[in-house]
$ cat upload-v4.cif   # mmCIF, C-alpha atoms and all ligand atoms
data_final
loop_
_atom_site.label_atom_id
_atom_site.label_comp_id
_atom_site.auth_asym_id
_atom_site.auth_seq_id
_atom_site.Cartn_x
_atom_site.Cartn_y
_atom_site.Cartn_z
CA MET A 1 18.27 61.61 230.94
CA LYS A 2 17.24 62.92 227.56
CA ASN A 3 13.44 62.60 227.95
CA SER A 4 11.02 62.65 230.90
CA SER A 5 8.45 60.49 229.10
CA ALA A 6 8.26 57.93 226.29
CA SER A 7 5.25 56.35 224.57
CA VAL A 8 5.56 53.14 222.58
CA THR A 9 3.22 51.19 220.30
CA MET A 10 4.36 47.60 219.77
CA PHE A 11 2.47 45.04 217.69
CA GLY A 12 1.76 41.35 218.28
CA ALA A 13 2.71 38.35 216.15
CA ILE A 14 1.80 34.79 215.21
CA SER A 15 4.09 31.77 214.71
CA ILE A 16 4.71 30.17 211.35
CA VAL A 17 7.38 27.77 212.68
CA ASN A 18 7.99 27.28 216.42
CA ALA A 19 11.70 27.59 217.34
CA ILE A 20 11.74 25.39 220.44
CA ALA A 21 12.80 22.20 218.63
CA THR A 22 15.60 23.58 216.44
CA GLY A 23 16.41 27.11 217.68
CA LYS A 24 15.20 28.47 214.32
CA GLY A 25 11.80 30.12 214.10
CA CYS A 26 9.57 32.00 211.70
CA THR A 27 6.94 34.52 212.87
CA PHE A 28 4.83 37.28 211.30
CA GLY A 29 3.35 40.51 212.61
CA ILE A 30 -0.34 41.12 213.37
CA SER A 31 -2.29 44.24 214.30
CA GLN A 32 -3.01 43.56 218.00
CA LYS A 33 -1.14 46.20 220.03
CA VAL A 34 0.62 46.80 223.31
CA LYS A 35 0.94 50.46 224.34
CA VAL A 36 3.34 51.58 227.03
CA LYS A 37 3.91 55.04 228.50
CA LEU A 38 6.81 55.65 230.88
CA SER A 39 7.05 58.93 232.82
CA LEU A 40 9.96 59.98 235.04
CA GLU A 41 9.51 62.59 237.75
CA LYS A 42 12.45 63.94 239.74
CA GLY A 43 12.15 63.48 243.51
CA HIS A 44 11.39 60.38 245.58
CA GLN A 45 12.44 56.90 244.47
CA GLY A 46 9.60 54.58 243.43
CA ILE A 47 7.81 52.78 240.62
CA SER A 48 4.05 52.73 240.00
CA ARG A 49 2.42 50.44 237.45
CA ASN A 50 -1.13 49.68 236.29
CA PHE A 51 -0.48 45.89 236.18
CA VAL A 52 0.79 43.29 238.65
CA ASN A 53 4.41 43.62 239.76
CA ASP A 54 6.32 41.55 237.24
CA LYS A 55 9.92 40.31 237.29
CA LEU A 56 10.32 40.47 233.48
CA VAL A 57 9.37 44.16 233.34
CA ASN A 58 11.47 45.00 236.42
CA LYS A 59 14.51 43.26 234.96
CA ILE A 60 14.29 45.28 231.72
CA ILE A 61 13.94 48.57 233.59
CA ARG A 62 16.91 47.82 235.83
CA SER A 63 19.04 46.63 232.87
CA ILE A 64 18.55 49.92 231.00
CA LEU A 65 17.96 52.77 233.44
CA PRO A 66 20.98 53.59 235.65
CA GLY A 67 20.57 52.91 239.39
CA SER A 68 21.48 56.56 240.07
CA VAL A 69 18.44 57.68 238.02
CA LEU A 70 16.05 55.19 239.65
CA LYS A 71 17.23 56.40 243.09
CA ASN A 72 16.23 60.01 242.41
CA HIS A 73 13.12 59.61 240.26
CA PHE A 74 9.60 58.29 240.46
CA LEU A 75 8.82 56.09 237.42
CA SER A 76 5.21 55.60 236.31
CA ILE A 77 4.41 52.78 233.89
CA SER A 78 1.09 52.67 232.09
CA LEU A 79 0.54 49.59 229.93
CA THR A 80 -2.45 48.51 227.84
CA SER A 81 -2.43 45.26 225.91
CA GLU A 82 -4.80 43.80 223.34
CA ILE A 83 -2.86 40.49 223.47
CA PRO A 84 -4.13 37.88 225.94
CA ALA A 85 -1.18 36.50 227.96
CA GLY A 86 -0.15 32.86 228.12
CA TRP A 87 -1.77 31.65 224.87
CA GLY A 88 1.24 31.67 222.51
CA LEU A 89 0.23 35.03 221.03
CA LYS A 90 3.56 36.75 221.85
CA SER A 91 2.32 38.94 224.70
CA SER A 92 5.65 38.51 226.52
CA SER A 93 7.66 39.56 223.43
CA ALA A 94 5.43 42.57 222.74
CA VAL A 95 5.46 43.70 226.39
CA SER A 96 9.22 43.19 226.88
CA ASN A 97 10.06 44.95 223.59
CA ALA A 98 7.73 47.83 224.45
CA ILE A 99 9.24 48.38 227.91
CA SER A 100 12.76 48.05 226.48
CA LEU A 101 12.12 50.56 223.68
CA ALA A 102 10.48 53.06 226.06
CA CYS A 103 13.40 52.84 228.54
CA TYR A 104 15.99 53.45 225.79
CA LYS A 105 13.95 56.44 224.59
CA LEU A 106 14.12 57.99 228.08
CA LEU A 107 17.92 57.74 227.85
CA ASP A 108 18.37 59.02 224.29
CA ASP A 109 16.51 59.90 221.07
CA GLN A 110 18.91 57.70 219.11
CA ILE A 111 17.46 54.16 219.23
CA TYR A 112 19.59 51.10 218.48
CA ASP A 113 17.16 48.35 217.39
CA ARG A 114 19.59 45.57 218.32
CA ALA A 115 20.00 46.92 221.85
CA VAL A 116 16.21 47.12 222.32
CA LEU A 117 15.78 43.53 221.11
CA SER A 118 18.78 42.12 222.99
CA THR A 119 17.67 43.55 226.33
CA ALA A 120 14.11 42.25 225.81
CA VAL A 121 15.27 38.77 224.74
CA ASN A 122 17.97 38.42 227.43
CA SER A 123 15.49 39.51 230.11
CA SER A 124 12.89 36.99 228.83
CA LEU A 125 15.49 34.24 229.14
CA TRP A 126 16.45 35.47 232.62
CA ALA A 127 12.77 35.61 233.73
CA LYS A 128 12.22 32.14 232.23
CA VAL A 129 9.24 33.26 230.11
CA SER A 130 11.11 31.96 227.07
CA MET A 131 13.17 28.83 226.29
CA THR A 132 15.23 30.03 223.29
CA GLY A 133 14.94 33.79 223.96
CA ALA A 134 12.19 33.93 221.28
CA PHE A 135 14.21 36.30 219.07
CA ASP A 136 11.87 35.27 216.20
CA ASP A 137 8.86 36.62 218.09
CA ALA A 138 10.66 39.72 219.35
CA CYS A 139 11.72 40.68 215.78
CA ALA A 140 8.26 40.07 214.30
CA CYS A 141 6.64 42.25 217.01
CA TYR A 142 9.29 44.96 216.50
CA TYR A 143 9.66 45.09 212.72
CA GLY A 144 6.36 43.59 211.50
CA GLY A 145 6.25 41.39 208.39
CA VAL A 146 7.61 37.84 208.20
CA ILE A 147 10.86 37.16 210.06
CA LEU A 148 13.03 34.03 210.06
CA THR A 149 15.68 33.89 212.78
CA ASP A 150 18.24 31.72 214.49
CA ASN A 151 17.37 32.36 218.12
CA HIS A 152 20.51 30.78 219.57
CA TYR A 153 22.69 33.27 217.65
CA LYS A 154 20.12 36.15 217.74
CA LYS A 155 20.49 36.35 213.98
CA ILE A 156 17.90 37.45 211.40
CA ILE A 157 18.08 35.00 208.47
CA LYS A 158 15.37 36.49 206.25
CA ARG A 159 12.69 39.21 206.23
CA ASP A 160 9.65 39.48 203.98
CA VAL A 161 6.31 41.31 203.82
CA VAL A 162 2.98 39.60 204.49
CA ASN A 163 0.33 39.93 201.79
CA ASN A 164 -2.06 42.67 202.99
CA ASP A 165 -5.03 40.90 201.34
CA LEU A 166 -4.75 38.28 204.08
CA ALA A 167 -6.42 38.29 207.49
CA VAL A 168 -5.84 36.34 210.67
CA VAL A 169 -8.49 34.70 212.83
CA ILE A 170 -7.39 33.57 216.30
CA PHE A 171 -9.25 30.92 218.29
CA LEU A 172 -8.78 30.59 222.07
CA PRO A 173 -10.18 27.14 222.95
CA THR A 174 -11.97 26.88 226.29
CA GLY A 175 -10.51 24.52 228.90
CA VAL A 176 -7.37 23.48 226.99
CA ALA A 177 -4.13 23.56 229.02
CA ARG A 178 -0.70 24.02 227.44
CA GLY A 179 0.94 20.66 226.68
CA GLU A 180 4.46 19.54 227.67
CA VAL A 181 6.45 21.96 225.53
CA PRO A 182 9.92 20.26 225.65
CA LYS A 183 8.31 17.29 223.84
CA LEU A 184 8.32 19.44 220.68
CA ARG A 185 11.97 18.38 220.33
CA ILE A 186 10.81 14.84 219.43
CA HIS A 187 10.19 16.02 215.85
CA LYS A 188 13.26 18.21 215.44
CA ASP A 189 13.78 17.02 211.84
CA LEU A 190 10.21 17.81 210.83
CA PHE A 191 10.37 21.28 212.43
CA ASN A 192 13.58 21.77 210.48
CA HIS A 193 11.72 20.78 207.33
CA ALA A 194 9.00 23.33 208.14
CA PHE A 195 11.68 25.99 208.61
CA ARG A 196 13.21 25.13 205.20
CA LEU A 197 9.77 25.50 203.58
CA ALA A 198 9.53 28.96 205.15
CA LEU A 199 13.03 29.84 203.88
CA LYS A 200 11.79 29.06 200.36
CA GLY A 201 8.83 31.42 200.91
CA ASP A 202 6.29 28.60 201.33
CA TYR A 203 5.07 30.24 204.54
CA TRP A 204 1.56 28.79 204.67
CA LYS A 205 2.70 25.24 203.92
CA ALA A 206 5.37 25.64 206.64
CA MET A 207 2.74 26.90 209.09
CA ASN A 208 0.43 23.97 208.27
CA LEU A 209 3.21 21.48 208.97
CA ASN A 210 4.02 23.35 212.20
CA GLY A 211 0.33 23.07 213.15
CA VAL A 212 0.15 19.33 212.48
CA LEU A 213 3.30 18.75 214.56
CA ILE A 214 2.33 20.90 217.54
CA ASN A 215 -1.21 19.56 217.56
CA SER A 216 -0.11 15.93 217.46
CA ILE A 217 2.57 16.36 220.15
CA LEU A 218 0.84 18.75 222.57
CA TYR A 219 -2.93 18.86 221.96
CA ASN A 220 -4.23 15.86 220.02
CA ASN A 221 -7.41 17.53 218.76
CA TYR A 222 -7.25 18.31 215.05
CA ALA A 223 -10.98 18.99 214.57
CA PRO A 224 -10.80 22.83 214.57
CA MET A 225 -7.97 22.65 212.05
CA ILE A 226 -9.84 20.33 209.68
CA ASN A 227 -12.76 22.75 209.92
CA ALA A 228 -10.42 25.58 208.87
CA PHE A 229 -9.36 23.77 205.69
CA GLU A 230 -12.97 22.91 204.88
CA ASN A 231 -13.66 26.66 205.08
CA HIS A 232 -10.94 27.90 202.72
CA CYS A 233 -8.16 28.85 205.16
CA LEU A 234 -4.70 28.97 203.59
CA SER A 235 -3.05 27.92 206.79
CA ILE A 236 -3.78 27.06 210.39
CA SER A 237 -1.55 26.25 213.35
CA HIS A 238 -1.19 26.64 217.06
CA SER A 239 0.70 29.90 217.57
CA GLY A 240 3.81 29.57 219.73
CA ASN A 241 3.31 26.76 222.18
CA GLY A 242 -0.45 27.27 222.05
CA PRO A 243 -3.09 26.60 223.04
CA ALA A 244 -4.24 29.50 220.80
CA ILE A 245 -4.88 28.54 217.17
CA ALA A 246 -4.35 31.06 214.37
CA ALA A 247 -5.77 30.78 210.85
CA VAL A 248 -4.55 32.73 207.82
CA LEU A 249 -7.11 33.38 205.09
CA TYR A 250 -8.19 35.87 202.44
CA LYS A 251 -10.29 38.71 203.93
CA ASP A 252 -13.35 37.67 201.88
CA ASN A 253 -13.46 34.29 203.65
CA VAL A 254 -13.31 35.62 207.22
CA GLU A 255 -17.05 35.85 207.88
CA ASN A 256 -17.80 32.29 206.73
CA PHE A 257 -14.87 30.89 208.66
CA VAL A 258 -15.81 32.71 211.87
CA ASN A 259 -19.40 31.39 211.55
CA SER A 260 -18.09 27.85 211.01
CA MET A 261 -16.02 28.04 214.23
CA GLU A 262 -19.09 28.68 216.38
CA LYS A 263 -19.55 24.94 216.95
CA PHE A 264 -16.26 24.89 218.91
CA ASP A 265 -16.17 26.12 222.50
CA GLY A 266 -13.89 29.15 222.73
CA LYS A 267 -13.29 32.80 221.93
CA ILE A 268 -12.56 34.22 218.48
CA ILE A 269 -10.40 37.30 217.81
CA SER A 270 -10.00 38.82 214.33
CA ALA A 271 -6.73 40.51 213.41
CA LYS A 272 -5.04 42.15 210.44
CA VAL A 273 -1.53 41.33 209.28
CA ASN A 274 1.07 43.96 210.20
CA ASN A 275 4.04 45.02 208.09
CA THR A 276 4.93 48.17 210.06
CA LYS A 277 7.61 48.74 212.68
CA ALA A 278 6.94 49.63 216.32
CA THR A 279 6.86 53.36 217.09
CA VAL A 280 8.19 55.49 219.96
CA GLU A 281 7.74 59.18 220.70
N1 LIG B 301 -0.79 42.82 229.98
C1 LIG B 301 0.39 42.50 230.51
N2 LIG B 301 0.90 43.24 231.51
C2 LIG B 301 2.10 42.96 232.06
N3 LIG B 301 2.90 41.94 231.66
C3 LIG B 301 2.44 41.16 230.67
C4 LIG B 301 1.18 41.39 230.04
N4 LIG B 301 0.99 40.46 229.09
C5 LIG B 301 2.10 39.66 229.13
N5 LIG B 301 2.97 40.08 230.07
C6 LIG B 301 4.28 39.46 230.37
O1 LIG B 301 4.41 38.30 229.56
C7 LIG B 301 4.41 37.11 230.36
C8 LIG B 301 3.54 36.04 229.67
O2 LIG B 301 4.36 35.29 228.86
P1 LIG B 301 3.87 33.92 228.17
O3 LIG B 301 3.17 33.08 229.20
O4 LIG B 301 5.05 33.37 227.46
O5 LIG B 301 2.74 34.42 227.18
P2 LIG B 301 2.79 34.53 225.59
O6 LIG B 301 2.70 33.13 225.09
O7 LIG B 301 1.59 35.36 225.25
O8 LIG B 301 4.08 35.23 225.23
C9 LIG B 301 3.84 37.55 231.70
O9 LIG B 301 4.35 36.74 232.75
C10 LIG B 301 4.35 38.99 231.81
O10 LIG B 301 5.73 38.99 232.17
O1 LIG B 302 10.20 30.06 224.47
C1 LIG B 302 10.61 30.21 223.31
O2 LIG B 302 11.81 30.40 223.05
C2 LIG B 302 9.64 30.14 222.20
C3 LIG B 302 8.30 29.99 222.50
C4 LIG B 302 7.26 29.89 221.48
O3 LIG B 302 6.42 31.06 221.50
P1 LIG B 302 5.35 31.44 222.68
O4 LIG B 302 6.14 32.00 223.84
O5 LIG B 302 4.50 32.50 222.06
O6 LIG B 302 4.60 30.22 223.05
C5 LIG B 302 7.85 29.70 220.08
O7 LIG B 302 6.90 29.94 219.07
C6 LIG B 302 9.06 30.56 219.81
O8 LIG B 302 9.54 30.29 218.49
C7 LIG B 302 10.15 30.26 220.81
#
$ encode --input "upload-v4.cif" --output "structure tokens"
Amino acid sequence: MKNSSASVTMFGAISIVNAIATGKGCTFGISQKVKVKLSLEKGHQGISRNFVNDKLVNKIIRSILPGSVLKNHFLSISLTSEIPAGWGLKSSSAVSNAISLACYKLLDDQIYDRAVLSTAVNSSLWAKVSMTGAFDDACACYYGGVILTDNHYKKIIKRDVVNNDLAVVIFLPTGVARGEVPKLRIHKDLFNHAFRLALKGDYWKAMNLNGVLINSILYNNYAPMINAFENHCLSISHSGNGPAIAAVLYKDNVENFVNSMEKFDGKIISAKVNNTKATVE
């Protein structure tokens, strides 16, 4: 083993176009963080963690660290996350990337981005926390900026930066359960159209179309989104499979928009856009 400890900062992300229907997705980075510290101590076998035992995290660890090392070391995992889990805000991609990057850093100082991403994505498929592998989300968390990918082929199609004058406001509606996600495939052609808009650089129009589609198929309550347009948002959509809703707007409009959302029952989180890559030391 090259290192006895590794500390990672990985960022979160928001969907522009959901990849479930077509396999192609577009996602951009935001400032919410996951921090992971792994420490290896020679001696008795064992793993301690400050979160519930989780098959996704275990799978990543066992895919990267050799069994011979795990047999003779005690591994401590400390994880803090600013990303609420299970809302479509990419917590699983940020956590799996962070654990993957930290494990590779224990092995070697030379980091191969593709290996970090592949292990995270393959483990997410194995643990069934993702349907397509969510390579779009993994790349946006890892590299920051806007990323367009083909998840079935784990291929990056395009990268771009997000305008730093923009801000993101996330709304977590109270009492809304996730809809039947496979139904997103009903509008495969329209999701494909949204992806083509994103390819042309029309990110906020693509995200709006994505929002209309996901809302109509899974949630059927467009009122918060209409409110967003009435309050000068450039774009609004459910992120991932929802139920979280993310709005993109100029920083100057954030305060008014947040005030206007108070009539809806839920929690609001403000975020910045992120164009920087994850770090490990
Ligand atoms: N704070 C956390 N600690 C440990 N694991 C986490 C944490 N947040 C997310 N995860 C992992 O991500 C999974 C949640 O994935 P998912 O429901 O798809 O949420 P999201 O839509 O935010 O990606 C959890 O089952 C767990 O494996
Ligand atoms: O399961 C998957 O493959 C995906 C899930 C969605 O994200 P969430 O997991 O954040 O809902 C979606 O946006 C992404 O493009 C692909």
$ axis_aligned_box --input "upload-v4.cif" --around "ligand LIG 302 (chain B)" --padding-each-side "5 Å" --output "JSON"
{"center_x": 8.2, "center_y": 31.1, "center_z": 221.5, "size_x": 17.3, "size_y": 12.8, "size_z": 16.0}
$ closest_residue --input "upload-v4.cif" --among "A:Gly179, A:Gly242, A:Gly25, A:Gly266" --to "Leu197 (chain A)" --atoms "only C-alpha atoms"
A:Gly25
$ closest_residue --input "upload-v4.cif" --among "A:Gln110, A:Asn58, A:Ser91, A:Asn253" --to "Leu234 (chain A)" --atoms "all atoms listed in the file"
A:Asn253
$ residues_around --input "upload-v4.cif" --residues "Ser124 (chain A)" --least-positions-apart "4" --cutoff "10 Å" --atoms "only C-alpha atoms" --output "ChimeraX atom specification"
/A:55-57,59-60,92-93,96-97,118-120,128-135
$ atom_distance --input "upload-v4.cif" --atom1 "atom O8 of ligand LIG 302 (chain B)" --atom2 "CA of Gly86 (chain A)"
13.9 Å
$ atom_distance --input "upload-v4.cif" --atom1 "CA of Arg178 (chain A)" --atom2 "atom O6 of ligand LIG 301 (chain B)"
10.0 Å
$ residues_around --input "upload-v4.cif" --residues "Ala177 (chain A)" --least-positions-apart "3" --cutoff "10 Å" --atoms "only C-alpha atoms" --output "number ranges by chain"
A: 87, 173-174, 180, 218-219, 242-243
$ residues_around --input "upload-v4.cif" --residues "region 69-76 of chain A" --least-positions-apart "6" --cutoff "6 Å" --atoms "all atoms listed in the file" --output "ChimeraX atom specification"
/A:38-49
$ closest_residue --input "upload-v4.cif" --among "A:Lys105, A:Lys277, A:Lys2, A:Lys90" --to "ligand LIG 302 (chain B)" --atoms "all atoms listed in the file"
A:Lys90
$ atom_distance --input "upload-v4.cif" --atom1 "CA of Phe229 (chain A)" --atom2 "CA of Ser15 (chain A)"
18.1 Å
$ closest_residue --input "upload-v4.cif" --among "A:Asn274, A:Gln32, A:Thr279, A:Ser235" --to "ligand LIG 301 (chain B)" --atoms "all atoms listed in the file"
A:Gln32
$ closest_residue --input "upload-v4.cif" --among "A:Val95, A:Ala102, A:Ala247, A:Val36" --to "ligand LIG 302 (chain B)" --atoms "all atoms listed in the file"
A:Val95
$ closest_residue --input "upload-v4.cif" --among "A:Asn192, A:Asn210, A:Asn164, A:Asn220" --to "Gly29 (chain A)" --atoms "all atoms listed in the file"
A:Asn164
$ residues_around --input "upload-v4.cif" --residues "Val169 (chain A)" --least-positions-apart "3" --cutoff "10 Å" --atoms "all atoms listed in the file" --output "number ranges by chain"
A: 233, 236, 245-249, 251, 254-255, 257-258, 268-272
$ residues_around --input "upload-v4.cif" --residues "region 152-157 of chain A" --least-positions-apart "2" --cutoff "10 Å" --atoms "all atoms listed in the file" --output "JSON list (two decimals) with C-alpha atoms, in the coordinates of the input"
[["chain", "number", "residue", "atom", "x", "y", "z"],
["A", 19, "ALA", "CA", 11.70, 27.59, 217.34],
["A", 22, "THR", "CA", 15.60, 23.58, 216.44],
["A", 23, "GLY", "CA", 16.41, 27.11, 217.68],
["A", 24, "LYS", "CA", 15.20, 28.47, 214.32],
["A", 25, "GLY", "CA", 11.80, 30.12, 214.10],
["A", 26, "CYS", "CA", 9.57, 32.00, 211.70],
["A", 114, "ARG", "CA", 19.59, 45.57, 218.32],
["A", 117, "LEU", "CA", 15.78, 43.53, 221.11],
["A", 118, "SER", "CA", 18.78, 42.12, 222.99],
["A", 121, "VAL", "CA", 15.27, 38.77, 224.74],
["A", 132, "THR", "CA", 15.23, 30.03, 223.29],
["A", 133, "GLY", "CA", 14.94, 33.79, 223.96],
["A", 134, "ALA", "CA", 12.19, 33.93, 221.28],
["A", 135, "PHE", "CA", 14.21, 36.30, 219.07],
["A", 136, "ASP", "CA", 11.87, 35.27, 216.20],
["A", 139, "CYS", "CA", 11.72, 40.68, 215.78],
["A", 147, "ILE", "CA", 10.86, 37.16, 210.06],
["A", 148, "LEU", "CA", 13.03, 34.03, 210.06],
["A", 149, "THR", "CA", 15.68, 33.89, 212.78],
["A", 150, "ASP", "CA", 18.24, 31.72, 214.49],
["A", 159, "ARG", "CA", 12.69, 39.21, 206.23],
["A", 199, "LEU", "CA", 13.03, 29.84, 203.88]]
$ decode --input "upload-v4.cif" --residues "region 42-117 of chain A" --atoms "C-alpha atoms" --output "short mmCIF file (atom, residue, chain, number, x, y, z; two decimals), in the first residue's frame"
data_model
loop_
_atom_site.label_atom_id
_atom_site.label_comp_id
_atom_site.auth_asym_id
_atom_site.auth_seq_id
_atom_site.Cartn_x
_atom_site.Cartn_y
_atom_site.Cartn_z
CA LYS A 42 -1.88 -2.57 10.32
CA GLY A 43 -3.07 -5.29 12.71
CA HIS A 44 -6.51 -6.84 13.19
CA GLN A 45 -8.98 -7.21 10.32
CA GLY A 46 -12.06 -4.97 10.50
CA ILE A 47 -13.93 -1.98 9.12
CA SER A 48 -15.44 0.88 11.13
CA ARG A 49 -17.72 3.50 9.60
CA ASN A 50 -19.68 6.52 10.83
CA PHE A 51 -22.77 5.61 8.73
CA VAL A 52 -24.98 2.54 8.37
CA ASN A 53 -23.37 -0.56 6.87
CA ASP A 54 -23.98 -0.20 3.16
CA LYS A 55 -23.59 -2.73 0.33
CA LEU A 56 -22.62 -0.08 -2.27
CA VAL A 57 -19.70 1.19 -0.18
CA ASN A 58 -18.60 -2.34 0.78
CA LYS A 59 -18.63 -3.44 -2.86
CA ILE A 60 -16.36 -0.55 -3.90
CA ILE A 61 -13.90 -1.23 -1.09
CA ARG A 62 -13.71 -4.94 -1.91
CA SER A 63 -13.37 -4.24 -5.66
CA ILE A 64 -10.32 -2.01 -5.13
CA LEU A 65 -8.44 -3.04 -1.99
CA PRO A 66 -6.83 -6.51 -2.19
CA GLY A 67 -8.26 -9.17 0.15
CA SER A 68 -4.74 -9.70 1.55
CA VAL A 69 -4.66 -6.05 2.69
CA LEU A 70 -8.16 -6.13 4.21
CA LYS A 71 -7.18 -9.30 6.14
CA ASN A 72 -4.27 -7.59 7.89
CA HIS A 73 -5.56 -4.05 8.37
CA PHE A 74 -8.24 -2.15 10.21
CA LEU A 75 -10.00 0.29 7.85
CA SER A 76 -11.75 3.37 9.28
CA ILE A 77 -14.18 5.27 7.05
CA SER A 78 -15.36 8.73 8.02
CA LEU A 79 -17.97 10.24 5.69
CA THR A 80 -19.81 13.56 5.84
CA SER A 81 -22.37 14.50 3.22
CA GLU A 82 -24.22 17.73 2.50
CA ILE A 83 -26.38 15.89 -0.08
CA PRO A 84 -29.67 14.43 1.19
CA ALA A 85 -30.01 10.81 -0.02
CA GLY A 86 -32.86 9.48 -2.15
CA TRP A 87 -34.05 12.78 -3.67
CA GLY A 88 -32.37 12.64 -7.10
CA LEU A 89 -29.54 14.92 -5.96
CA LYS A 90 -26.75 12.44 -6.85
CA SER A 91 -25.81 11.41 -3.31
CA SER A 92 -25.11 7.85 -4.49
CA SER A 93 -22.80 9.06 -7.30
CA ALA A 94 -20.93 11.47 -5.01
CA VAL A 95 -20.54 8.87 -2.24
CA SER A 96 -19.51 6.02 -4.57
CA ASN A 97 -17.02 8.24 -6.45
CA ALA A 98 -15.57 9.52 -3.18
CA ILE A 99 -15.05 6.03 -1.73
CA SER A 100 -13.63 4.81 -5.04
CA LEU A 101 -11.17 7.71 -5.34
CA ALA A 102 -10.04 7.34 -1.70
CA CYS A 103 -9.44 3.58 -2.11
CA TYR A 104 -7.34 4.09 -5.27
CA LYS A 105 -5.32 6.76 -3.44
CA LEU A 106 -4.47 4.26 -0.67
CA LEU A 107 -3.06 1.97 -3.38
CA ASP A 108 -1.12 4.56 -5.39
CA ASP A 109 -0.55 8.31 -5.84
CA GLN A 110 -1.17 7.92 -9.57
CA ILE A 111 -4.96 8.21 -10.07
CA TYR A 112 -6.66 6.95 -13.23
CA ASP A 113 -9.94 8.90 -13.52
CA ARG A 114 -11.57 6.23 -15.68
CA ALA A 115 -10.80 3.51 -13.13
CA VAL A 116 -12.29 5.60 -10.30
CA LEU A 117 -15.46 6.24 -12.32
#
